[in-house]
>>> print(open('work39.cif').read())   # mmCIF, C-alpha atoms
data_protein
loop_
_atom_site.label_atom_id
_atom_site.label_comp_id
_atom_site.auth_asym_id
_atom_site.auth_seq_id
_atom_site.Cartn_x
_atom_site.Cartn_y
_atom_site.Cartn_z
CA MET A 1 100.14 86.98 113.30
CA SER A 2 102.42 89.56 111.72
CA ASP A 3 103.34 92.96 113.17
CA LEU A 4 102.98 95.32 110.21
CA VAL A 5 104.23 98.84 110.92
CA THR A 6 102.55 101.68 109.05
CA GLY A 7 104.19 104.89 107.92
CA GLU A 8 102.86 106.60 111.07
CA ALA A 9 104.60 104.03 113.32
CA VAL A 10 101.34 102.24 114.14
CA VAL A 11 101.76 98.49 114.65
CA LEU A 12 99.02 96.48 112.90
CA ASP A 13 98.65 93.03 114.38
CA LEU A 14 97.28 91.21 111.30
CA GLN A 15 97.04 87.53 110.45
CA THR A 16 99.02 86.66 107.34
CA ALA A 17 98.01 83.92 104.91
CA LYS A 18 100.21 80.82 104.80
CA LEU A 19 101.08 78.39 102.03
CA PRO A 20 97.94 76.14 101.99
CA SER A 21 95.39 78.95 101.68
CA ARG A 22 97.53 80.89 99.23
CA ALA A 23 98.10 77.81 97.05
CA LEU A 24 94.37 77.09 96.93
CA ALA A 25 93.63 80.70 95.96
CA ILE A 26 96.23 80.57 93.17
CA VAL A 27 94.79 77.29 91.87
CA LEU A 28 91.31 78.84 91.67
CA ASP A 29 92.66 81.87 89.83
CA LEU A 30 94.61 79.72 87.36
CA LEU A 31 91.60 77.52 86.63
CA VAL A 32 89.51 80.54 85.71
CA GLU A 33 92.29 82.11 83.65
CA PHE A 34 93.09 78.94 81.68
CA ALA A 35 89.39 78.29 81.07
CA ALA A 36 88.94 81.80 79.66
CA LEU A 37 92.10 81.39 77.58
CA PHE A 38 90.95 78.04 76.18
CA ILE A 39 87.53 79.39 75.18
CA CYS A 40 89.01 82.47 73.52
CA THR A 41 91.60 80.33 71.72
CA LEU A 42 88.88 78.14 70.20
CA VAL A 43 86.88 81.16 69.10
CA MET A 44 89.91 82.88 67.57
CA SER A 45 91.10 79.74 65.79
CA VAL A 46 87.71 79.39 64.10
CA ALA A 47 87.32 83.10 63.31
CA LEU A 48 90.87 83.51 62.02
CA SER A 49 91.25 80.24 60.17
CA ASP A 50 92.49 81.99 57.02
CA LEU A 51 95.56 83.44 58.79
CA ASP A 52 98.98 81.94 58.33
CA SER A 53 100.74 80.08 61.09
CA ALA A 54 103.02 82.97 62.12
CA ALA A 55 100.15 85.43 62.56
CA LEU A 56 98.08 82.85 64.40
CA ALA A 57 101.00 82.06 66.74
CA ALA A 58 101.50 85.78 67.48
CA THR A 59 97.81 86.14 68.24
CA MET A 60 97.84 83.16 70.59
CA LEU A 61 100.93 84.51 72.35
CA GLY A 62 99.28 87.89 72.87
CA MET A 63 96.16 86.26 74.26
CA THR A 64 98.25 84.14 76.62
CA VAL A 65 100.06 87.21 77.97
CA PHE A 66 96.75 89.04 78.33
CA PHE A 67 94.93 86.32 80.29
CA LEU A 68 97.86 85.18 82.45
CA VAL A 69 99.58 88.52 83.17
CA ALA A 70 97.60 91.60 82.15
CA LEU A 71 94.16 90.45 83.33
CA PRO A 72 95.31 89.37 86.84
CA VAL A 73 97.19 92.66 87.24
CA MET A 74 94.11 94.71 86.27
CA ILE A 75 91.81 92.72 88.55
CA GLU A 76 94.16 92.97 91.50
CA THR A 77 94.61 96.72 90.98
CA LEU A 78 90.92 97.53 90.59
CA THR A 79 89.84 95.35 93.52
CA HIS A 80 92.68 96.55 95.80
CA GLY A 81 94.29 93.13 96.16
CA ARG A 82 91.32 90.77 95.86
CA SER A 83 91.39 88.30 93.01
CA LEU A 84 88.66 85.69 92.51
CA GLY A 85 90.50 83.00 94.47
CA LYS A 86 91.52 85.38 97.26
CA ALA A 87 87.99 86.74 97.58
CA ALA A 88 86.63 83.18 97.87
CA LEU A 89 89.07 82.37 100.70
CA GLY A 90 88.92 85.73 102.48
CA LEU A 91 92.45 86.83 101.52
CA ARG A 92 93.78 90.16 100.37
CA VAL A 93 97.07 91.57 99.13
CA VAL A 94 98.28 94.67 100.99
CA ARG A 95 101.51 96.61 101.21
CA THR A 96 103.96 95.88 104.00
CA ASP A 97 102.72 99.03 105.77
CA GLY A 98 99.11 97.81 105.66
CA GLY A 99 97.94 100.12 102.86
CA PRO A 100 96.18 99.03 99.64
CA VAL A 101 98.28 97.91 96.69
CA ARG A 102 98.78 100.11 93.64
CA PHE A 103 99.35 99.30 89.98
CA ARG A 104 103.13 99.04 90.36
CA HIS A 105 102.79 96.47 93.13
CA SER A 106 100.35 94.37 91.12
CA LEU A 107 102.52 94.63 88.01
CA VAL A 108 105.62 93.36 89.81
CA ARG A 109 103.65 90.54 91.41
CA GLY A 110 102.11 89.58 88.06
CA LEU A 111 105.38 89.55 86.11
CA VAL A 112 107.33 87.65 88.75
CA GLY A 113 104.39 85.32 89.37
CA PHE A 114 104.20 84.35 85.69
CA PHE A 115 107.73 82.96 85.81
CA GLU A 116 107.74 81.48 89.32
CA VAL A 117 104.23 79.99 89.24
CA ILE A 118 103.50 79.18 85.58
CA ALA A 119 106.82 79.00 83.72
CA ILE A 120 108.71 77.10 86.48
CA THR A 121 105.65 75.12 87.69
CA GLY A 122 105.44 76.99 91.01
CA ALA A 123 108.48 75.40 92.70
CA PRO A 124 110.20 78.70 93.67
CA ALA A 125 106.92 80.09 95.00
CA VAL A 126 106.24 77.03 97.16
CA ILE A 127 109.76 76.95 98.61
CA THR A 128 109.86 80.69 99.33
CA SER A 129 106.39 80.77 100.87
CA ALA A 130 107.16 77.77 103.08
CA LEU A 131 110.40 79.28 104.40
CA ASN A 132 109.18 82.87 104.82
CA PRO A 133 107.58 83.61 108.23
CA ASP A 134 104.87 85.72 106.57
CA GLY A 135 104.21 83.25 103.75
CA LYS A 136 105.58 85.57 101.05
CA ARG A 137 106.56 84.33 97.62
CA LEU A 138 109.16 85.97 95.37
CA GLY A 139 106.60 88.34 93.85
CA ASP A 140 105.65 89.63 97.31
CA ILE A 141 109.29 90.12 98.27
CA PHE A 142 110.11 92.13 95.15
CA ALA A 143 106.86 94.14 95.25
CA GLY A 144 106.87 94.83 98.99
CA THR A 145 103.48 93.20 99.63
CA VAL A 146 102.00 90.55 101.89
CA VAL A 147 98.81 88.49 101.75
CA ILE A 148 96.62 88.77 104.87
CA ARG A 149 93.40 87.19 106.06
CA GLU A 150 90.40 89.48 105.98
CA ARG A 151 88.01 86.88 107.40
CA THR A 152 88.63 84.65 110.36
CA PRO A 153 86.37 81.83 111.59
CA GLY A 154 83.33 83.30 113.32
CA VAL A 155 84.21 86.91 112.45
CA GLY A 156 82.87 89.02 109.60
CA GLY A 157 85.12 90.38 106.92
CA HIS A 158 84.45 94.08 107.53
CA ALA A 159 84.40 96.16 110.65
CA GLY A 160 80.86 97.15 111.46
CA PRO A 161 79.71 100.29 113.23
CA LEU A 162 80.35 100.74 116.92
CA PRO A 163 77.59 99.56 119.25
CA PRO A 164 75.20 102.31 120.43
CA VAL A 165 76.00 104.01 123.71
CA HIS A 166 73.42 104.93 126.31
CA PRO A 167 72.81 108.73 126.48
CA GLN A 168 73.20 108.81 130.27
CA LEU A 169 76.60 107.12 129.92
CA LEU A 170 77.67 109.77 127.43
CA HIS A 171 76.42 112.54 129.74
CA ASP A 172 78.36 111.18 132.71
CA MET A 173 81.47 110.68 130.64
CA GLY A 174 81.24 114.22 129.27
CA ARG A 175 81.35 115.65 132.79
CA GLU A 176 84.35 113.46 133.63
CA LEU A 177 86.22 114.49 130.49
CA VAL A 178 86.12 118.16 131.45
CA ALA A 179 87.78 117.38 134.79
CA MET A 180 90.44 115.01 133.38
CA ASP A 181 94.13 115.94 133.48
CA LEU A 182 95.54 115.09 130.05
CA SER A 183 99.00 116.52 130.61
CA ALA A 184 100.48 113.13 131.56
CA VAL A 185 99.71 111.57 128.17
CA PRO A 186 102.78 111.64 125.87
CA GLU A 187 102.54 112.83 122.29
CA PRO A 188 103.40 109.42 120.72
CA LEU A 189 100.35 107.91 122.44
CA TRP A 190 98.11 110.60 120.97
CA LEU A 191 99.60 109.97 117.53
CA THR A 192 99.04 106.22 117.80
CA THR A 193 95.46 106.75 118.94
CA ARG A 194 94.73 109.13 116.09
CA GLN A 195 96.17 106.80 113.46
CA LEU A 196 94.32 103.78 114.85
CA LEU A 197 90.98 105.60 114.76
CA GLY A 198 91.70 106.66 111.18
CA ARG A 199 92.32 103.06 110.08
CA ILE A 200 89.78 101.26 112.24
CA GLY A 201 87.44 100.71 109.30
CA GLN A 202 90.17 98.88 107.39
CA LEU A 203 91.07 96.40 110.14
CA ASP A 204 89.56 93.13 111.21
CA PRO A 205 87.00 93.68 114.02
CA SER A 206 88.84 91.42 116.45
CA VAL A 207 92.16 93.11 115.69
CA SER A 208 90.72 96.62 116.02
CA PHE A 209 88.99 95.75 119.31
CA ARG A 210 92.17 94.27 120.76
CA MET A 211 94.31 97.22 119.71
CA SER A 212 91.81 99.84 120.87
CA ALA A 213 91.36 98.04 124.19
CA GLY A 214 95.13 98.09 124.79
CA LEU A 215 95.40 101.78 123.94
CA ALA A 216 92.34 102.62 126.05
CA GLU A 217 93.82 100.81 129.06
CA ASP A 218 97.13 102.64 128.66
CA LEU A 219 95.38 105.98 128.23
CA ALA A 220 93.10 105.46 131.23
CA GLY A 221 96.10 104.53 133.40
CA ARG A 222 97.93 107.74 132.51
CA ILE A 223 94.86 109.95 132.96
CA GLY A 224 93.80 108.35 136.23
CA HIS A 225 90.16 107.76 135.24
CA PRO A 226 89.09 104.21 134.36
CA MET A 227 87.13 103.56 131.19
CA PRO A 228 83.35 103.45 131.85
CA HIS A 229 81.86 99.99 131.91
CA GLY A 230 79.93 99.07 128.77
CA LEU A 231 81.70 101.59 126.52
CA HIS A 232 83.53 100.42 123.41
CA PRO A 233 87.30 101.11 123.66
CA ALA A 234 87.31 102.91 120.31
CA ALA A 235 84.49 105.19 121.47
CA TYR A 236 86.44 105.97 124.65
CA LEU A 237 89.55 106.80 122.63
CA GLY A 238 87.56 109.04 120.31
CA ALA A 239 85.93 110.90 123.20
CA VAL A 240 89.24 111.58 124.98
CA LEU A 241 90.93 112.62 121.73
CA THR A 242 88.05 114.99 120.96
CA GLU A 243 88.36 116.57 124.42
CA ARG A 244 92.08 117.14 123.87
CA GLN A 245 91.48 118.76 120.50
CA ARG A 246 88.81 121.00 122.06
CA ARG A 247 91.23 122.18 124.72
CA GLU A 248 93.93 122.86 122.15
CA TRP A 249 91.47 124.87 120.08
CA MET A 250 90.39 126.96 123.08
CA ARG A 251 94.02 127.55 124.04
CA ALA A 252 94.88 128.65 120.52
CA GLN A 253 91.94 131.05 120.47
CA GLN A 254 93.02 132.62 123.76
CA GLN A 255 96.61 133.05 122.57
CA PHE A 256 95.45 134.63 119.35
CA ALA A 257 93.12 137.01 121.15
CA ALA A 258 95.89 138.06 123.57
CA ALA A 259 98.49 138.60 120.83
CA ALA A 260 96.33 140.38 118.26
CA PRO A 261 96.56 144.23 118.58
CA VAL A 262 93.29 146.14 118.79
CA HIS A 263 93.08 149.03 116.30
CA ALA A 264 89.98 151.18 115.89
CA PRO A 265 89.24 151.46 112.20
CA ALA A 266 89.40 154.99 110.78
CA PRO A 267 85.96 156.20 109.76
CA HIS A 268 85.61 156.65 106.05
CA PRO A 269 82.51 157.36 104.01
CA ALA A 270 81.17 154.50 102.02
CA VAL A 271 81.02 155.33 98.34
CA MET A 272 78.52 153.90 95.93
CA PRO A 273 79.68 152.51 92.58
CA GLY A 274 78.63 155.72 90.85
CA GLY A 275 80.96 157.81 93.01
CA ARG A 276 78.27 159.27 95.29
CA PRO A 277 78.61 158.65 99.03
CA TYR A 278 75.99 156.75 100.95
CA ARG A 279 73.86 158.89 103.23
CA VAL A 280 72.45 157.52 106.45
CA LEU A 281 69.15 158.95 107.57
CA GLY A 282 69.60 161.43 110.40
CA MET A 283 73.27 162.14 109.58
CA PRO A 284 74.72 164.92 107.39
CA ALA A 285 75.87 163.90 103.98
CA ALA A 286 79.59 163.39 103.56
CA PRO A 287 81.35 165.67 101.07
CA ALA A 288 81.85 164.24 97.63
CA PRO A 289 85.34 162.91 97.06
CA VAL A 290 87.64 165.16 95.07
CA PRO A 291 89.20 163.43 92.03
CA ALA A 292 92.89 162.77 92.38
CA ALA A 293 93.72 164.59 89.15
CA ALA A 294 91.89 167.66 90.31
CA ALA A 295 93.51 167.52 93.75
CA ALA A 296 97.00 167.20 92.30
CA ALA A 297 96.60 169.89 89.57
CA PRO A 298 98.05 173.32 90.50
CA SER A 299 95.58 176.14 90.88
CA PHE A 300 95.97 179.23 88.72
CA THR A 301 94.10 182.44 89.70
CA LYS A 302 93.49 185.50 87.51
CA PRO A 303 95.45 188.55 88.72
CA ALA A 304 93.38 191.34 90.18
CA GLN A 305 92.68 194.32 87.82
CA PRO A 306 93.69 197.82 89.10
CA ALA A 307 90.81 199.96 90.26
CA ALA A 308 89.72 202.78 87.91
CA PRO A 309 90.48 206.38 89.18
CA ALA A 310 87.60 208.20 90.75
CA GLN A 311 85.92 210.67 88.36
CA PRO A 312 84.74 214.05 89.69
CA PRO A 313 81.03 214.32 89.94
CA ALA A 314 79.34 215.89 86.94
CA PRO A 315 77.90 219.39 87.60
CA ALA A 316 74.28 219.32 88.25
CA GLN A 317 72.25 220.85 85.49
CA SER A 318 69.79 223.43 86.69
CA ALA A 319 66.31 223.07 85.56
CA PRO A 320 65.12 225.86 83.11
CA ASP A 321 63.36 228.79 84.64
CA ALA A 322 59.78 229.11 83.87
CA GLY A 323 60.03 233.04 83.62
CA PHE A 324 60.61 235.39 80.58
CA ALA A 325 63.96 235.30 78.79
CA PRO A 326 65.06 238.47 76.92
CA PRO A 327 66.06 238.09 73.29
CA ALA A 328 69.69 237.99 72.35
#
>>> encode(input="work39.cif", output="structure tokens")
Amino acid sequence: MSDLVTGEAVVLDLQTAKLPSRALAIVLDLLVEFAALFICTLVMSVALSDLDSAALAATMLGMTVFFLVALPVMIETLTHGRSLGKAALGLRVVRTDGGPVRFRHSLVRGLVGFFEVIAITGAPAVITSALNPDGKRLGDIFAGTVVIRERTPGVGGHAGPLPPVHPQLLHDMGRELVAMDLSAVPEPLWLTTRQLLGRIGQLDPSVSFRMSAGLAEDLAGRIGHPMPHGLHPAAYLGAVLTERQRREWMRAQQQFAAAAPVHAPAPHPAVMPGGRPYRVLGMPAAPAPVPAAAAAAPSFTKPAQPAAPAQPPAPAQSAPDAGFAPPA
């Protein structure tokens, strides 16, 4: 077993692959690669028989580099560390922090492996892997990787779903969670629990059960409530972590509500896109908004005209008499 430490300070107790299994996986990979190279060499030699010796040698060299270096690097990158031989033996290449390998890791392993395994007949790789406690060869040391076992005897290769939990057990546990005192649990334990639950699908089932059981026992001892019988340790850790997050969320809501000032919004008429205000039935219409240009423009008024002087009343004309008028 090897204690791999992730970037979040979580210790992954994984079983590393040793020299015999790694050597058998490399032999299987080399057999497939050399068989593909031999078949392609025969086909190219027949198809390109009219080429000169220099061009044919360059073509054969390019094909050799492709099948022995480029192809293994591409396969290992696309399959996240599983070549044909490693997949047959239940092995996988991972980073020293337990994460999947990237292209740069596979490239370093492929280039160094070509010289230490093929060019120098594998002697440096055998000596280094035999002396290293984690079974690493030179390519793993330079790339920062390690080969682990994904399958162990009697255990499947992938972590399956958690076993179903009885509803009554969940109901009883929910009432206990509300009454639990979580103040005695330190922050590093919460961080370790959160990171383990995030990676539980990537771990071996036996390893994940053992790690979750240890964390659940430690957590139950600090809380003061034992883990219910028949409950998976990972389910217990998830339930307690969910209760803590719920309490933090409620506390944050209360602090925000207490700190936020309460301001009554100033009433303002809602205006339609055309500029006319909305009118609610039963309420008087709001005055139309005055344009800013009109509000800012100065007002000019016409000066008042002086009043005309009063004219004396015209003398009233007497109506003509109806009697006799003497001649002039």
>>> resolve_selection(input="work39.cif", expression="the PyMOL selection byres ((chain A and resi 184) around 10)", output="PDB file with C-alpha atoms, keeping the file's coordinate frame")
ATOM      1  CA  ASP A 181      94.130 115.940 133.480  1.00  0.00           C
ATOM      2  CA  LEU A 182      95.540 115.090 130.050  1.00  0.00           C
ATOM      3  CA  SER A 183      99.000 116.520 130.610  1.00  0.00           C
ATOM      4  CA  VAL A 185      99.710 111.570 128.170  1.00  0.00           C
ATOM      5  CA  PRO A 186     102.780 111.640 125.870  1.00  0.00           C
ATOM      6  CA  GLU A 187     102.540 112.830 122.290  1.00  0.00           C
ATOM      7  CA  LEU A 219      95.380 105.980 128.230  1.00  0.00           C
ATOM      8  CA  GLY A 221      96.100 104.530 133.400  1.00  0.00           C
ATOM      9  CA  ARG A 222      97.930 107.740 132.510  1.00  0.00           C
ATOM     10  CA  ILE A 223      94.860 109.950 132.960  1.00  0.00           C
ATOM     11  CA  GLY A 224      93.800 108.350 136.230  1.00  0.00           C
TER      12      GLY A 224
END
>>> residues_around(input="work39.cif", residues="A:Pro233", least_positions_apart="4", cutoff="6 Å", atoms="only C-alpha atoms", output="PyMOL selection string")
chain A and resi 212-213+216
>>> write_last_selection(input="work39.cif", atoms="C-alpha atoms", output="PDB file, keeping the file's coordinate frame")
ATOM      1  CA  SER A 212      91.810  99.840 120.870  1.00  0.00           C
ATOM      2  CA  ALA A 213      91.360  98.040 124.190  1.00  0.00           C
ATOM      3  CA  ALA A 216      92.340 102.620 126.050  1.00  0.00           C
TER       4      ALA A 216
END
>>> atom_distance(input="work39.cif", atom1="atom CA of A:Ala25", atom2="atom CA of A:Lys86")
5.3 Å
>>> resolve_selection(input="work39.cif", expression="the PyMOL selection byres ((chain A and resi 111) around 12)", output="JSON, numbers by chain")
{"A": [65, 66, 68, 69, 70, 71, 72, 73, 104, 105, 106, 107, 108, 109, 110, 112, 113, 114, 115, 116, 117, 118, 119, 138, 139, 140, 142, 143]}
>>> closest_residue(input="work39.cif", among="A:Val240, A:Leu78, A:Ala88, A:Ala54", to="A:Ala179", atoms="only C-alpha atoms")
A:Val240
>>> atom_distance(input="work39.cif", atom1="atom CA of A:Leu24", atom2="atom CA of A:Arg210")
29.5 Å
>>> atom_distance(input="work39.cif", atom1="atom CA of A:Leu61", atom2="atom CA of A:Ile26")
21.7 Å
>>> resolve_selection(input="work39.cif", expression="the PyMOL selection byres ((chain A and resi 63) around 12)", output="ChimeraX atom specification")
/A:33-34,36-45,56-62,64-71
>>> residues_around(input="work39.cif", residues="stretch 91-93 of chain A", least_positions_apart="5", cutoff="8 Å", atoms="all atoms listed in the file", output="number ranges by chain")
A: 17, 80-83, 86, 100-101, 145-151
>>> closest_residue(input="work39.cif", among="A:Thr96, A:Pro188, A:Phe103, A:Gly85", to="A:Val32", atoms="only C-alpha atoms")
A:Gly85
>>> build_atoms(input="work39.cif", residues="stretch 34-58 of chain A", atoms="N, CA, C and O atoms", output="PDB file, in the frame of the given file")
ATOM      1  N   PHE A  34      92.857  79.896  82.760  1.00  0.00           N
ATOM      2  CA  PHE A  34      93.090  78.940  81.680  1.00  0.00           C
ATOM      3  C   PHE A  34      91.776  78.583  80.978  1.00  0.00           C
ATOM      4  O   PHE A  34      91.771  78.335  79.759  1.00  0.00           O
ATOM      5  N   ALA A  35      90.682  78.555  81.718  1.00  0.00           N
ATOM      6  CA  ALA A  35      89.390  78.290  81.070  1.00  0.00           C
ATOM      7  C   ALA A  35      89.021  79.414  80.116  1.00  0.00           C
ATOM      8  O   ALA A  35      88.575  79.166  78.971  1.00  0.00           O
ATOM      9  N   ALA A  36      89.218  80.671  80.554  1.00  0.00           N
ATOM     10  CA  ALA A  36      88.940  81.800  79.660  1.00  0.00           C
ATOM     11  C   ALA A  36      89.887  81.802  78.465  1.00  0.00           C
ATOM     12  O   ALA A  36      89.474  82.090  77.331  1.00  0.00           O
ATOM     13  N   LEU A  37      91.141  81.457  78.689  1.00  0.00           N
ATOM     14  CA  LEU A  37      92.100  81.390  77.580  1.00  0.00           C
ATOM     15  C   LEU A  37      91.750  80.292  76.591  1.00  0.00           C
ATOM     16  O   LEU A  37      91.849  80.491  75.367  1.00  0.00           O
ATOM     17  N   PHE A  38      91.310  79.150  77.072  1.00  0.00           N
ATOM     18  CA  PHE A  38      90.950  78.040  76.180  1.00  0.00           C
ATOM     19  C   PHE A  38      89.740  78.394  75.322  1.00  0.00           C
ATOM     20  O   PHE A  38      89.709  78.132  74.109  1.00  0.00           O
ATOM     21  N   ILE A  39      88.732  79.026  75.935  1.00  0.00           N
ATOM     22  CA  ILE A  39      87.530  79.390  75.180  1.00  0.00           C
ATOM     23  C   ILE A  39      87.863  80.441  74.118  1.00  0.00           C
ATOM     24  O   ILE A  39      87.443  80.337  72.945  1.00  0.00           O
ATOM     25  N   CYS A  40      88.645  81.439  74.488  1.00  0.00           N
ATOM     26  CA  CYS A  40      89.010  82.470  73.520  1.00  0.00           C
ATOM     27  C   CYS A  40      89.912  81.916  72.418  1.00  0.00           C
ATOM     28  O   CYS A  40      89.843  82.350  71.256  1.00  0.00           O
ATOM     29  N   THR A  41      90.742  80.940  72.739  1.00  0.00           N
ATOM     30  CA  THR A  41      91.600  80.330  71.720  1.00  0.00           C
ATOM     31  C   THR A  41      90.766  79.581  70.687  1.00  0.00           C
ATOM     32  O   THR A  41      91.025  79.670  69.469  1.00  0.00           O
ATOM     33  N   LEU A  42      89.753  78.840  71.144  1.00  0.00           N
ATOM     34  CA  LEU A  42      88.880  78.140  70.200  1.00  0.00           C
ATOM     35  C   LEU A  42      88.139  79.122  69.306  1.00  0.00           C
ATOM     36  O   LEU A  42      88.017  78.912  68.089  1.00  0.00           O
ATOM     37  N   VAL A  43      87.626  80.192  69.895  1.00  0.00           N
ATOM     38  CA  VAL A  43      86.880  81.160  69.100  1.00  0.00           C
ATOM     39  C   VAL A  43      87.789  81.838  68.075  1.00  0.00           C
ATOM     40  O   VAL A  43      87.422  82.003  66.894  1.00  0.00           O
ATOM     41  N   MET A  44      89.004  82.201  68.488  1.00  0.00           N
ATOM     42  CA  MET A  44      89.910  82.880  67.570  1.00  0.00           C
ATOM     43  C   MET A  44      90.414  81.944  66.490  1.00  0.00           C
ATOM     44  O   MET A  44      90.620  82.354  65.341  1.00  0.00           O
ATOM     45  N   SER A  45      90.630  80.697  66.808  1.00  0.00           N
ATOM     46  CA  SER A  45      91.100  79.740  65.790  1.00  0.00           C
ATOM     47  C   SER A  45      90.048  79.511  64.714  1.00  0.00           C
ATOM     48  O   SER A  45      90.375  79.296  63.538  1.00  0.00           O
ATOM     49  N   VAL A  46      88.780  79.544  65.096  1.00  0.00           N
ATOM     50  CA  VAL A  46      87.710  79.390  64.100  1.00  0.00           C
ATOM     51  C   VAL A  46      87.513  80.677  63.306  1.00  0.00           C
ATOM     52  O   VAL A  46      87.315  80.662  62.075  1.00  0.00           O
ATOM     53  N   ALA A  47      87.558  81.829  63.998  1.00  0.00           N
ATOM     54  CA  ALA A  47      87.320  83.100  63.310  1.00  0.00           C
ATOM     55  C   ALA A  47      88.475  83.502  62.423  1.00  0.00           C
ATOM     56  O   ALA A  47      88.269  84.168  61.391  1.00  0.00           O
ATOM     57  N   LEU A  48      89.686  83.116  62.787  1.00  0.00           N
ATOM     58  CA  LEU A  48      90.870  83.510  62.020  1.00  0.00           C
ATOM     59  C   LEU A  48      91.522  82.297  61.367  1.00  0.00           C
ATOM     60  O   LEU A  48      92.739  82.129  61.397  1.00  0.00           O
ATOM     61  N   SER A  49      90.704  81.455  60.798  1.00  0.00           N
ATOM     62  CA  SER A  49      91.250  80.240  60.170  1.00  0.00           C
ATOM     63  C   SER A  49      92.022  80.523  58.897  1.00  0.00           C
ATOM     64  O   SER A  49      92.856  79.715  58.480  1.00  0.00           O
ATOM     65  N   ASP A  50      91.794  81.678  58.261  1.00  0.00           N
ATOM     66  CA  ASP A  50      92.490  81.990  57.020  1.00  0.00           C
ATOM     67  C   ASP A  50      93.852  82.617  57.254  1.00  0.00           C
ATOM     68  O   ASP A  50      94.577  82.899  56.284  1.00  0.00           O
ATOM     69  N   LEU A  51      94.249  82.871  58.507  1.00  0.00           N
ATOM     70  CA  LEU A  51      95.560  83.440  58.790  1.00  0.00           C
ATOM     71  C   LEU A  51      96.651  82.397  58.647  1.00  0.00           C
ATOM     72  O   LEU A  51      96.408  81.187  58.788  1.00  0.00           O
ATOM     73  N   ASP A  52      97.851  82.875  58.403  1.00  0.00           N
ATOM     74  CA  ASP A  52      98.980  81.940  58.330  1.00  0.00           C
ATOM     75  C   ASP A  52      99.416  81.543  59.727  1.00  0.00           C
ATOM     76  O   ASP A  52      98.947  82.075  60.727  1.00  0.00           O
ATOM     77  N   SER A  53     100.318  80.635  59.791  1.00  0.00           N
ATOM     78  CA  SER A  53     100.740  80.080  61.090  1.00  0.00           C
ATOM     79  C   SER A  53     101.463  81.098  61.940  1.00  0.00           C
ATOM     80  O   SER A  53     101.308  81.124  63.167  1.00  0.00           O
ATOM     81  N   ALA A  54     102.274  81.977  61.341  1.00  0.00           N
ATOM     82  CA  ALA A  54     103.020  82.970  62.120  1.00  0.00           C
ATOM     83  C   ALA A  54     102.074  83.977  62.771  1.00  0.00           C
ATOM     84  O   ALA A  54     102.202  84.300  63.958  1.00  0.00           O
ATOM     85  N   ALA A  55     101.102  84.476  62.004  1.00  0.00           N
ATOM     86  CA  ALA A  55     100.150  85.430  62.560  1.00  0.00           C
ATOM     87  C   ALA A  55      99.280  84.786  63.631  1.00  0.00           C
ATOM     88  O   ALA A  55      98.965  85.395  64.657  1.00  0.00           O
ATOM     89  N   LEU A  56      98.896  83.549  63.412  1.00  0.00           N
ATOM     90  CA  LEU A  56      98.080  82.850  64.400  1.00  0.00           C
ATOM     91  C   LEU A  56      98.869  82.609  65.683  1.00  0.00           C
ATOM     92  O   LEU A  56      98.329  82.750  66.792  1.00  0.00           O
ATOM     93  N   ALA A  57     100.165  82.271  65.552  1.00  0.00           N
ATOM     94  CA  ALA A  57     101.000  82.060  66.740  1.00  0.00           C
ATOM     95  C   ALA A  57     101.184  83.358  67.526  1.00  0.00           C
ATOM     96  O   ALA A  57     101.162  83.368  68.754  1.00  0.00           O
ATOM     97  N   ALA A  58     101.357  84.485  66.798  1.00  0.00           N
ATOM     98  CA  ALA A  58     101.500  85.780  67.480  1.00  0.00           C
ATOM     99  C   ALA A  58     100.224  86.154  68.210  1.00  0.00           C
ATOM    100  O   ALA A  58     100.251  86.688  69.323  1.00  0.00           O
TER     101      ALA A  58
END
